[in-house]
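**Q** I am sharing final.csv, which consists of CSV, C-alpha atoms:
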```
chain,number,residue,atom,x,y,z
A,100,MET,CA,-113.8,33.6,70.0
A,101,ASN,CA,-115.3,30.5,68.6
A,102,LEU,CA,-112.9,28.3,70.7
A,103,ILE,CA,-113.6,30.2,73.8
A,104,ALA,CA,-117.1,30.2,73.1
A,105,ALA,CA,-116.9,26.5,72.4
A,106,GLY,CA,-115.2,25.8,75.8
A,107,ASP,CA,-116.4,25.7,79.2
A,108,ILE,CA,-114.1,28.4,80.6
A,109,ASP,CA,-115.4,31.7,81.2
A,110,PRO,CA,-113.0,34.3,80.0
A,111,ALA,CA,-114.2,36.6,82.7
A,112,GLN,CA,-113.5,34.0,85.4
A,113,SER,CA,-110.4,32.6,84.0
A,114,VAL,CA,-106.7,33.7,84.6
A,115,ASN,CA,-105.0,36.3,82.5
A,116,TRP,CA,-104.9,35.1,79.0
A,117,LEU,CA,-101.3,36.2,78.8
A,118,LEU,CA,-99.8,35.9,82.3
A,119,PRO,CA,-99.8,32.7,84.2
A,120,PRO,CA,-101.1,32.6,87.8
A,121,LEU,CA,-98.9,34.3,90.3
A,122,SER,CA,-97.8,31.2,92.1
A,123,GLU,CA,-96.8,29.7,88.9
A,124,LEU,CA,-94.8,32.7,88.2
A,125,ILE,CA,-93.1,32.5,91.6
A,126,TYR,CA,-92.4,28.8,91.4
A,127,GLY,CA,-91.5,29.1,87.9
A,128,GLY,CA,-89.3,32.0,88.6
A,129,ILE,CA,-87.5,30.3,91.5
A,130,ALA,CA,-87.1,27.2,89.5
A,131,SER,CA,-85.7,29.1,86.7
A,132,ILE,CA,-83.3,30.9,89.0
A,133,ILE,CA,-82.2,27.6,90.5
A,134,ILE,CA,-81.8,26.1,87.1
A,135,PHE,CA,-79.9,29.1,85.8
A,136,ALA,CA,-77.8,29.1,89.0
A,137,LEU,CA,-77.0,25.4,88.6
A,138,ILE,CA,-76.3,25.9,84.9
A,139,TYR,CA,-74.0,28.9,85.8
A,140,LYS,CA,-72.3,27.0,88.6
A,141,PHE,CA,-71.8,23.7,86.8
A,142,GLY,CA,-72.0,24.6,83.1
A,143,GLY,CA,-70.2,28.0,83.3
A,144,PRO,CA,-66.6,26.7,83.8
A,145,ALA,CA,-67.1,24.2,81.1
A,146,ALA,CA,-68.6,26.8,78.8
A,147,LYS,CA,-65.8,29.2,79.7
A,148,LYS,CA,-63.2,26.5,79.1
A,149,GLY,CA,-64.8,25.6,75.8
A,150,MET,CA,-64.9,29.2,74.9
A,151,ALA,CA,-61.3,29.7,76.0
A,152,ASP,CA,-60.3,26.6,74.1
A,153,ARG,CA,-62.1,27.7,71.1
A,154,THR,CA,-60.6,31.1,71.4
A,155,ALA,CA,-57.1,29.6,71.8
A,156,LYS,CA,-57.7,27.4,68.9
A,157,ILE,CA,-58.9,30.3,66.8
A,158,GLN,CA,-56.0,32.3,68.0
A,159,ALA,CA,-53.6,29.4,67.2
A,160,GLU,CA,-55.2,29.1,63.8
A,161,LEU,CA,-54.8,32.9,63.4
A,162,ASP,CA,-51.2,32.7,64.5
A,163,GLY,CA,-50.6,29.8,62.2
A,164,ALA,CA,-52.2,31.6,59.4
A,165,ALA,CA,-50.1,34.7,60.2
A,166,GLU,CA,-47.0,32.6,60.5
A,167,ALA,CA,-47.8,30.8,57.2
A,168,LEU,CA,-48.5,34.2,55.7
A,169,GLU,CA,-45.2,35.5,57.0
A,170,SER,CA,-43.4,32.4,55.8
A,171,ALA,CA,-45.1,32.7,52.4
A,172,ARG,CA,-44.0,36.3,52.3
A,173,THR,CA,-40.5,35.4,53.3
A,174,GLU,CA,-40.4,32.6,50.7
A,175,ALA,CA,-41.8,35.0,48.1
A,176,GLU,CA,-39.1,37.5,49.1
A,177,GLU,CA,-36.5,34.8,48.8
A,178,ILE,CA,-37.8,33.8,45.5
A,179,ARG,CA,-37.9,37.4,44.3
A,180,ARG,CA,-34.4,37.9,45.7
A,181,ALA,CA,-33.3,34.6,44.1
A,182,ALA,CA,-34.9,35.7,40.9
A,183,GLY,CA,-33.1,39.0,41.2
A,184,ASP,CA,-29.8,37.2,42.1
A,185,ILE,CA,-30.3,34.9,39.0
A,186,ALA,CA,-30.9,38.0,36.8
A,187,SER,CA,-27.9,39.8,38.2
A,188,GLU,CA,-25.8,36.6,38.0
A,189,ARG,CA,-26.9,36.1,34.4
A,190,ALA,CA,-26.1,39.7,33.7
A,191,ARG,CA,-22.7,39.3,35.5
A,192,LEU,CA,-22.0,36.1,33.6
A,193,LEU,CA,-22.9,37.7,30.3
A,194,ALA,CA,-20.8,40.7,31.1
A,195,GLU,CA,-17.9,38.5,32.1
A,196,ALA,CA,-18.4,36.3,29.0
A,197,ASP,CA,-18.4,39.5,26.9
A,198,GLU,CA,-15.3,40.7,28.6
A,199,GLN,CA,-13.5,37.4,28.2
A,200,ALA,CA,-14.6,37.2,24.5
A,201,SER,CA,-13.4,40.8,24.0
A,202,ALA,CA,-10.1,40.0,25.8
A,203,LEU,CA,-9.7,36.8,23.7
A,204,LEU,CA,-10.5,38.7,20.5
A,205,SER,CA,-8.1,41.5,21.4
A,206,GLU,CA,-5.4,39.0,22.4
A,207,GLY,CA,-6.0,36.9,19.3
A,208,ARG,CA,-5.8,40.0,17.1
A,209,GLU,CA,-2.6,41.1,18.9
A,210,ARG,CA,-1.1,37.7,18.6
A,211,LEU,CA,-2.1,37.4,14.9
A,212,ALA,CA,-0.7,40.9,14.3
A,213,ALA,CA,2.6,39.9,16.0
A,214,GLU,CA,2.8,36.6,14.1
A,215,ILE,CA,2.1,38.4,10.8
A,216,ALA,CA,4.8,40.9,11.6
A,217,ASP,CA,7.2,38.2,12.6
A,218,LEU,CA,6.4,36.2,9.4
A,219,GLU,CA,6.8,39.3,7.3
A,220,ALA,CA,10.1,40.1,9.0
A,221,ARG,CA,11.3,36.5,8.6
A,222,ALA,CA,10.2,36.5,5.0
A,223,GLU,CA,12.0,39.8,4.4
A,224,ALA,CA,15.1,38.5,6.1
A,225,GLU,CA,15.0,35.2,4.1
A,226,SER,CA,14.3,37.1,1.0
A,227,ALA,CA,17.2,39.4,1.7
A,228,GLY,CA,19.4,36.5,2.6
A,229,LEU,CA,18.3,34.6,-0.5
A,230,ALA,CA,18.9,37.6,-2.7
A,231,GLY,CA,22.4,38.0,-1.1
A,232,ARG,CA,23.1,34.3,-1.6
A,233,MET,CA,21.8,34.4,-5.1
A,234,GLY,CA,23.9,37.5,-5.7
A,235,ASP,CA,27.0,35.8,-4.4
A,236,GLU,CA,26.3,32.6,-6.3
A,237,LEU,CA,25.6,34.7,-9.4
A,238,ARG,CA,28.9,36.6,-9.0
A,239,VAL,CA,30.8,33.3,-8.5
A,240,GLU,CA,29.1,31.8,-11.5
A,241,VAL,CA,29.8,34.9,-13.6
A,242,SER,CA,33.4,34.8,-12.4
A,243,ARG,CA,33.7,31.1,-13.2
A,244,ILE,CA,32.1,31.6,-16.7
A,245,SER,CA,34.2,34.6,-17.3
A,246,SER,CA,37.3,32.8,-16.4
A,247,SER,CA,36.3,29.8,-18.5
A,248,VAL,CA,35.5,32.1,-21.4
A,249,VAL,CA,38.8,34.0,-21.0
A,250,ASP,CA,40.7,30.6,-21.0
A,251,GLN,CA,38.8,29.5,-24.1
A,252,LEU,CA,39.4,32.7,-25.9
A,253,VAL,CA,43.1,32.8,-25.0
A,254,ALA,CA,43.4,29.1,-26.0
A,255,GLU,CA,41.7,29.8,-29.4
A,256,THR,CA,44.0,32.8,-30.1
A,257,LEU,CA,47.0,30.6,-29.5
A,258,ASP,CA,47.7,29.2,-32.9
A,259,ASP,CA,50.4,26.6,-33.6
A,260,ALA,CA,53.0,29.3,-34.4
A,261,THR,CA,52.3,31.0,-31.1
A,262,GLN,CA,52.5,27.7,-29.2
A,263,GLN,CA,55.8,27.0,-30.8
A,264,ALA,CA,57.0,30.5,-30.1
A,265,LEU,CA,56.0,30.1,-26.4
A,266,ILE,CA,57.9,26.8,-26.2
A,267,GLU,CA,61.0,28.3,-27.9
A,268,ASP,CA,60.8,31.2,-25.6
A,269,PHE,CA,60.7,28.9,-22.6
A,270,ILE,CA,63.6,26.8,-23.8
A,271,GLN,CA,65.6,30.0,-24.3
A,272,LYS,CA,64.8,31.3,-20.9
A,273,VAL,CA,65.7,28.0,-19.2
A,274,GLY,CA,68.9,27.9,-21.2
A,275,ALA,CA,69.7,31.5,-20.4
A,276,GLY,CA,69.1,30.9,-16.7
A,277,SER,CA,71.7,28.1,-16.5
B,111,MET,CA,49.1,3.3,1.3
B,112,SER,CA,52.2,3.8,3.3
B,113,ASP,CA,55.4,5.0,1.6
B,114,ALA,CA,57.1,1.8,2.4
B,115,ARG,CA,54.4,-0.2,0.6
B,116,ILE,CA,54.5,2.2,-2.4
B,117,GLU,CA,58.2,1.8,-2.5
B,118,GLY,CA,57.9,-1.9,-2.3
B,119,TYR,CA,55.6,-2.0,-5.3
B,120,ALA,CA,57.8,0.4,-7.2
B,121,ARG,CA,60.9,-1.7,-6.5
B,122,ALA,CA,59.1,-4.9,-7.6
B,123,LEU,CA,57.9,-3.3,-10.9
B,124,PHE,CA,61.3,-1.8,-11.5
B,125,GLU,CA,63.0,-5.2,-11.0
B,126,ILE,CA,60.5,-7.0,-13.3
B,127,ALA,CA,61.0,-4.4,-16.0
B,128,ARG,CA,64.8,-4.5,-15.7
B,129,ALA,CA,64.7,-8.3,-15.7
B,130,GLU,CA,62.6,-8.2,-18.9
B,131,GLY,CA,65.3,-5.9,-20.4
B,132,ASN,CA,63.0,-3.1,-21.5
B,133,LEU,CA,63.1,-0.8,-18.5
B,134,ASP,CA,63.3,2.5,-20.5
B,135,GLU,CA,60.3,1.6,-22.7
B,136,VAL,CA,58.2,0.3,-19.8
B,137,GLU,CA,59.1,3.2,-17.6
B,138,ASP,CA,58.0,5.6,-20.4
B,139,GLU,CA,54.8,3.8,-21.0
B,140,LEU,CA,54.0,3.5,-17.4
B,141,PHE,CA,54.7,7.3,-16.9
B,142,ARG,CA,52.3,8.2,-19.7
B,143,PHE,CA,49.6,5.8,-18.5
B,144,ALA,CA,49.9,7.3,-15.0
B,145,ARG,CA,49.3,10.8,-16.4
B,146,SER,CA,46.3,9.6,-18.4
B,147,TYR,CA,45.0,7.8,-15.3
B,148,GLU,CA,45.3,11.0,-13.2
B,149,SER,CA,43.4,13.0,-15.8
B,150,SER,CA,40.5,10.6,-16.2
B,151,ASP,CA,38.0,10.5,-13.4
B,152,ALA,CA,36.0,7.8,-15.1
B,153,LEU,CA,39.0,5.5,-15.5
B,154,ARG,CA,40.1,6.1,-11.9
B,155,ALA,CA,36.6,5.4,-10.7
B,156,ALA,CA,36.4,2.1,-12.7
B,157,LEU,CA,39.8,0.8,-11.7
B,158,THR,CA,39.5,1.7,-8.0
B,159,ASP,CA,35.9,0.5,-7.4
B,160,ASP,CA,36.1,-2.4,-4.9
B,161,LEU,CA,32.7,-3.6,-6.0
B,162,VAL,CA,34.0,-4.3,-9.5
B,163,PRO,CA,35.7,-7.8,-9.5
B,164,ALA,CA,39.5,-7.8,-9.9
B,165,ASP,CA,39.4,-9.8,-13.1
B,166,ARG,CA,37.0,-7.3,-14.5
B,167,ARG,CA,39.3,-4.3,-13.6
B,168,GLN,CA,42.2,-6.2,-15.1
B,169,GLY,CA,40.2,-6.8,-18.2
B,170,ILE,CA,39.6,-3.0,-18.6
B,171,VAL,CA,43.4,-2.4,-18.3
B,172,GLU,CA,44.2,-5.0,-20.9
B,173,SER,CA,41.6,-3.7,-23.3
B,174,LEU,CA,43.0,-0.2,-22.9
B,175,LEU,CA,46.7,-1.1,-23.3
B,176,ASP,CA,46.4,-3.9,-25.7
B,177,GLY,CA,48.4,-2.9,-28.8
B,178,GLN,CA,49.3,0.5,-27.2
B,179,ALA,CA,52.0,-0.7,-24.8
B,180,THR,CA,54.3,-3.6,-24.3
B,181,SER,CA,53.0,-6.7,-22.6
B,182,THR,CA,55.3,-6.1,-19.7
B,183,THR,CA,53.7,-2.7,-19.1
B,184,MET,CA,50.2,-4.1,-19.5
B,185,GLN,CA,50.9,-7.0,-17.0
B,186,LEU,CA,52.5,-4.6,-14.4
B,187,VAL,CA,49.5,-2.3,-14.5
B,188,SER,CA,47.2,-5.2,-14.4
B,189,MET,CA,49.0,-6.7,-11.4
B,190,VAL,CA,48.7,-3.4,-9.4
B,191,ILE,CA,45.1,-2.9,-10.3
B,192,GLY,CA,44.3,-6.6,-9.6
B,193,SER,CA,45.9,-6.3,-6.1
B,194,GLY,CA,43.5,-3.4,-5.3
B,195,ARG,CA,46.2,-0.7,-5.3
B,196,GLY,CA,44.7,1.3,-8.1
B,197,ARG,CA,44.5,4.5,-5.9
B,198,ASP,CA,48.2,4.4,-5.5
B,199,LEU,CA,49.1,3.6,-9.1
B,200,PRO,CA,50.4,7.1,-10.0
B,201,GLU,CA,52.6,7.3,-6.9
B,202,ILE,CA,53.9,3.7,-7.5
B,203,ILE,CA,54.8,4.6,-11.1
B,204,ASP,CA,56.3,7.9,-10.2
B,205,SER,CA,58.5,6.1,-7.6
B,206,LEU,CA,59.4,3.6,-10.3
B,207,VAL,CA,60.4,6.4,-12.7
B,208,ALA,CA,62.5,8.1,-10.0
B,209,ARG,CA,64.1,4.7,-9.2
B,210,ALA,CA,64.8,4.0,-12.9
B,211,SER,CA,66.2,7.5,-13.4
B,212,ALA,CA,68.3,7.2,-10.2
B,213,SER,CA,69.7,3.9,-11.4
B,214,LYS,CA,71.0,5.8,-14.5
B,215,ASP,CA,72.1,8.8,-12.3
B,216,LEU,CA,69.4,10.9,-13.9
B,217,ALA,CA,66.9,13.4,-12.4
B,218,VAL,CA,63.4,13.2,-13.5
B,219,ALA,CA,62.3,16.3,-15.4
B,220,GLU,CA,58.5,16.4,-15.9
B,221,VAL,CA,57.5,18.8,-18.6
B,222,ARG,CA,53.9,19.8,-19.2
B,223,SER,CA,53.0,21.4,-22.4
B,224,ALA,CA,49.7,22.2,-24.2
B,225,VAL,CA,51.1,20.8,-27.4
B,226,ALA,CA,53.6,18.1,-28.2
B,227,LEU,CA,57.2,19.0,-28.4
B,228,SER,CA,59.2,18.2,-31.4
B,229,ASP,CA,62.3,15.9,-31.0
B,230,ASP,CA,64.5,18.9,-31.5
B,231,GLN,CA,62.6,21.0,-28.9
B,232,ALA,CA,62.7,18.1,-26.4
B,233,SER,CA,66.4,17.6,-27.0
B,234,ARG,CA,67.2,21.3,-26.5
B,235,LEU,CA,64.9,21.6,-23.5
B,236,LYS,CA,66.6,18.5,-22.0
B,237,ALA,CA,70.0,20.1,-22.5
B,238,ALA,CA,68.7,23.4,-21.0
B,239,LEU,CA,67.2,21.7,-18.0
B,240,THR,CA,70.4,19.7,-17.5
B,241,ASN,CA,72.4,22.9,-17.5
B,242,SER,CA,69.9,24.6,-15.3
B,243,SER,CA,69.7,21.9,-12.7
B,244,GLY,CA,73.3,20.8,-12.9
B,245,HIS,CA,72.2,17.3,-13.3
B,246,GLU,CA,71.5,15.0,-16.3
B,247,VAL,CA,67.7,14.7,-16.6
B,248,ASN,CA,65.3,12.1,-17.8
B,249,LEU,CA,62.8,14.1,-19.7
B,250,LYS,CA,59.2,13.2,-19.4
B,251,VAL,CA,56.8,15.2,-21.5
B,252,VAL,CA,53.1,15.3,-20.6
B,253,ILE,CA,50.6,16.8,-23.0
B,254,ASP,CA,48.3,18.9,-20.7
B,255,PRO,CA,45.7,21.1,-22.3
B,256,THR,CA,45.1,22.9,-19.0
B,257,VAL,CA,48.5,24.6,-19.5
B,258,ILE,CA,46.9,26.4,-22.5
B,259,GLY,CA,50.2,27.5,-23.8
B,260,GLY,CA,53.9,27.5,-22.9
B,261,VAL,CA,55.6,24.9,-20.7
B,262,ILE,CA,55.9,23.9,-17.0
B,263,ALA,CA,59.0,22.0,-16.1
B,264,THR,CA,59.5,20.3,-12.7
B,265,VAL,CA,62.9,18.9,-11.8
B,266,GLY,CA,63.0,17.6,-8.3
B,267,ASP,CA,61.6,20.3,-6.1
B,268,SER,CA,62.3,23.1,-8.6
B,269,VAL,CA,59.4,24.3,-10.8
B,270,ILE,CA,60.0,26.5,-13.8
B,271,ASP,CA,56.7,27.9,-14.9
B,272,GLY,CA,56.3,29.5,-18.3
B,273,SER,CA,52.7,28.6,-18.9
B,274,VAL,CA,49.9,30.8,-20.1
B,275,ARG,CA,47.7,29.2,-17.5
B,276,THR,CA,49.8,30.7,-14.7
B,277,ARG,CA,50.0,34.1,-16.3
B,278,LEU,CA,46.2,34.1,-16.7
B,279,ASP,CA,45.8,33.1,-13.1
B,280,GLN,CA,48.1,35.9,-12.0
B,281,LEU,CA,46.1,38.3,-14.2
B,282,LYS,CA,42.8,37.2,-12.7
B,283,SER,CA,44.0,37.4,-9.2
B,284,ARG,CA,45.3,41.0,-9.9
B,285,LEU,CA,41.8,41.9,-11.3
```
In structure tokens, write the structure found in this file.
**A**
Amino acid sequence: MNLIAAGDIDPAQSVNWLLPPLSELIYGGIASIIIFALIYKFGGPAAKKGMADRTAKIQAELDGAAEALESARTEAEEIRRAAGDIASERARLLAEADEQASALLSEGRERLAAEIADLEARAEAESAGLAGRMGDELRVEVSRISSSVVDQLVAETLDDATQQALIEDFIQKVGAGS
Amino acid sequence: MSDARIEGYARALFEIARAEGNLDEVEDELFRFARSYESSDALRAALTDDLVPADRRQGIVESLLDGQATSTTMQLVSMVIGSGRGRDLPEIIDSLVARASASKDLAVAEVRSAVALSDDQASRLKAALTNSSGHEVNLKVVIDPTVIGGVIATVGDSVIDGSVRTRLDQLKSRL
């Protein structure tokens, strides 16, 4: 109020304080229409293209992200599968190792049992053979000693008189046989 | 050694003994030495060992027979041993004895007894063997303890066995 009051313009004579003069509205409106038309005509395609490019870029980025996501998922799946494979391979290897160890142990036990049985059989055979040989040797030795003892006993019982009697008997037999 | 070589040595010893004029004595001494030689493994080993020098072997013979036999016997044995024919000594001497007996038309009668025979027993046994074989015999008595008792007489290929040894062997084989 102070400003109005301070100026030279009479608010009652002046134009609307809000709306411009009509002509200004018309010229301004036409100019605006022309400007907008020019903008639409010349800036629209570029804007559309820019928007399309941006959309395509965003779409490409979205596709790339989706692809990366899919790839990451695939890789994660592969890793999980690989981890599963490793676990199953580990389990398989452990089972196989257990089986081989068990087979080796069983085979070793069987072989040891067979070797022990073979050794026992051989030892028994050798023992029997040795006993037989010792028995034979003992019998031969007993026979030899007995023979020697008999010879010695007989020789000791043959005194001089008996020796002479044997010689005389021999001479008589030879003489009688002639 | 071949028979021809044994016969050659026997003939040589026989001729030397006959030339020396003591054939009977030498023959008897050689026969007894041969039997001792056969019965002693140690003596045979010493006198047949080629690693022992000949003069050493002859020295052993001379030390054994010195004073026990005539010098002719000692030299004949020493010669055979020195020529390396120790292994054939008994065969050479047996051949010499056979040759000496044959020269007197006698058959060798080897008699083995555990004890010595008296002269009377030897004489009667000689007569009995002569009658038995139909040939005059040259009696050679060998004292052999392995006979144990009795006598074994061998004349040529004939053996008359009256020994306790053989009877014991027969008894053992029957048992």
**Q** Please return, as a VMD selection string, all residues of chain B lying within 10 Å of chain A when only C-alpha atoms are considered.
**A** chain B and resid 223 to 228 231 to 232 234 to 244 255 to 263 270 to 275 278 to 279 282
**Q** Using C-alpha atoms, can you write the selected residues to a file as a compact mmCIF listing (two decimals), keeping the file's coordinate frame?
**A**
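Wrote out18.txt, looks like this:
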```txt
# COMPACT_ATOMS: atom_id res chain seq x y z
CA SER B 223 53.00 21.40 -22.40
CA ALA B 224 49.70 22.20 -24.20
CA VAL B 225 51.10 20.80 -27.40
CA ALA B 226 53.60 18.10 -28.20
CA LEU B 227 57.20 19.00 -28.40
CA SER B 228 59.20 18.20 -31.40
CA GLN B 231 62.60 21.00 -28.90
CA ALA B 232 62.70 18.10 -26.40
CA ARG B 234 67.20 21.30 -26.50
CA LEU B 235 64.90 21.60 -23.50
CA LYS B 236 66.60 18.50 -22.00
CA ALA B 237 70.00 20.10 -22.50
CA ALA B 238 68.70 23.40 -21.00
CA LEU B 239 67.20 21.70 -18.00
CA THR B 240 70.40 19.70 -17.50
CA ASN B 241 72.40 22.90 -17.50
CA SER B 242 69.90 24.60 -15.30
CA SER B 243 69.70 21.90 -12.70
CA GLY B 244 73.30 20.80 -12.90
CA PRO B 255 45.70 21.10 -22.30
CA THR B 256 45.10 22.90 -19.00
CA VAL B 257 48.50 24.60 -19.50
CA ILE B 258 46.90 26.40 -22.50
CA GLY B 259 50.20 27.50 -23.80
CA GLY B 260 53.90 27.50 -22.90
CA VAL B 261 55.60 24.90 -20.70
CA ILE B 262 55.90 23.90 -17.00
CA ALA B 263 59.00 22.00 -16.10
CA ILE B 270 60.00 26.50 -13.80
CA ASP B 271 56.70 27.90 -14.90
CA GLY B 272 56.30 29.50 -18.30
CA SER B 273 52.70 28.60 -18.90
CA VAL B 274 49.90 30.80 -20.10
CA ARG B 275 47.70 29.20 -17.50
CA LEU B 278 46.20 34.10 -16.70
CA ASP B 279 45.80 33.10 -13.10
CA LYS B 282 42.80 37.20 -12.70
```
**Q** Near Ala144 in chain B, within 12 Å and counting all atoms listed in the file, which residues show up once chain neighbours fewer than 3 positions away are dropped, as JSON, numbers by chain?
**A** {"B": [136, 137, 138, 139, 140, 141, 147, 148, 149, 150, 153, 154, 183, 187, 196, 197, 198, 199, 200, 201, 202, 203, 204, 205, 206, 207, 250, 252]}
**Q** State, in Å with one decimal place, the distance from CA of Gly194 in chain B to CA of Ala179 in chain B.
**A**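 Those two atoms sit 21.4 Å apart.
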**Q** CA of Ser112 in chain B and CA of Glu125 in chain B, how far apart in Å?
**A**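 Distance between the two atoms: 20.1 Å.
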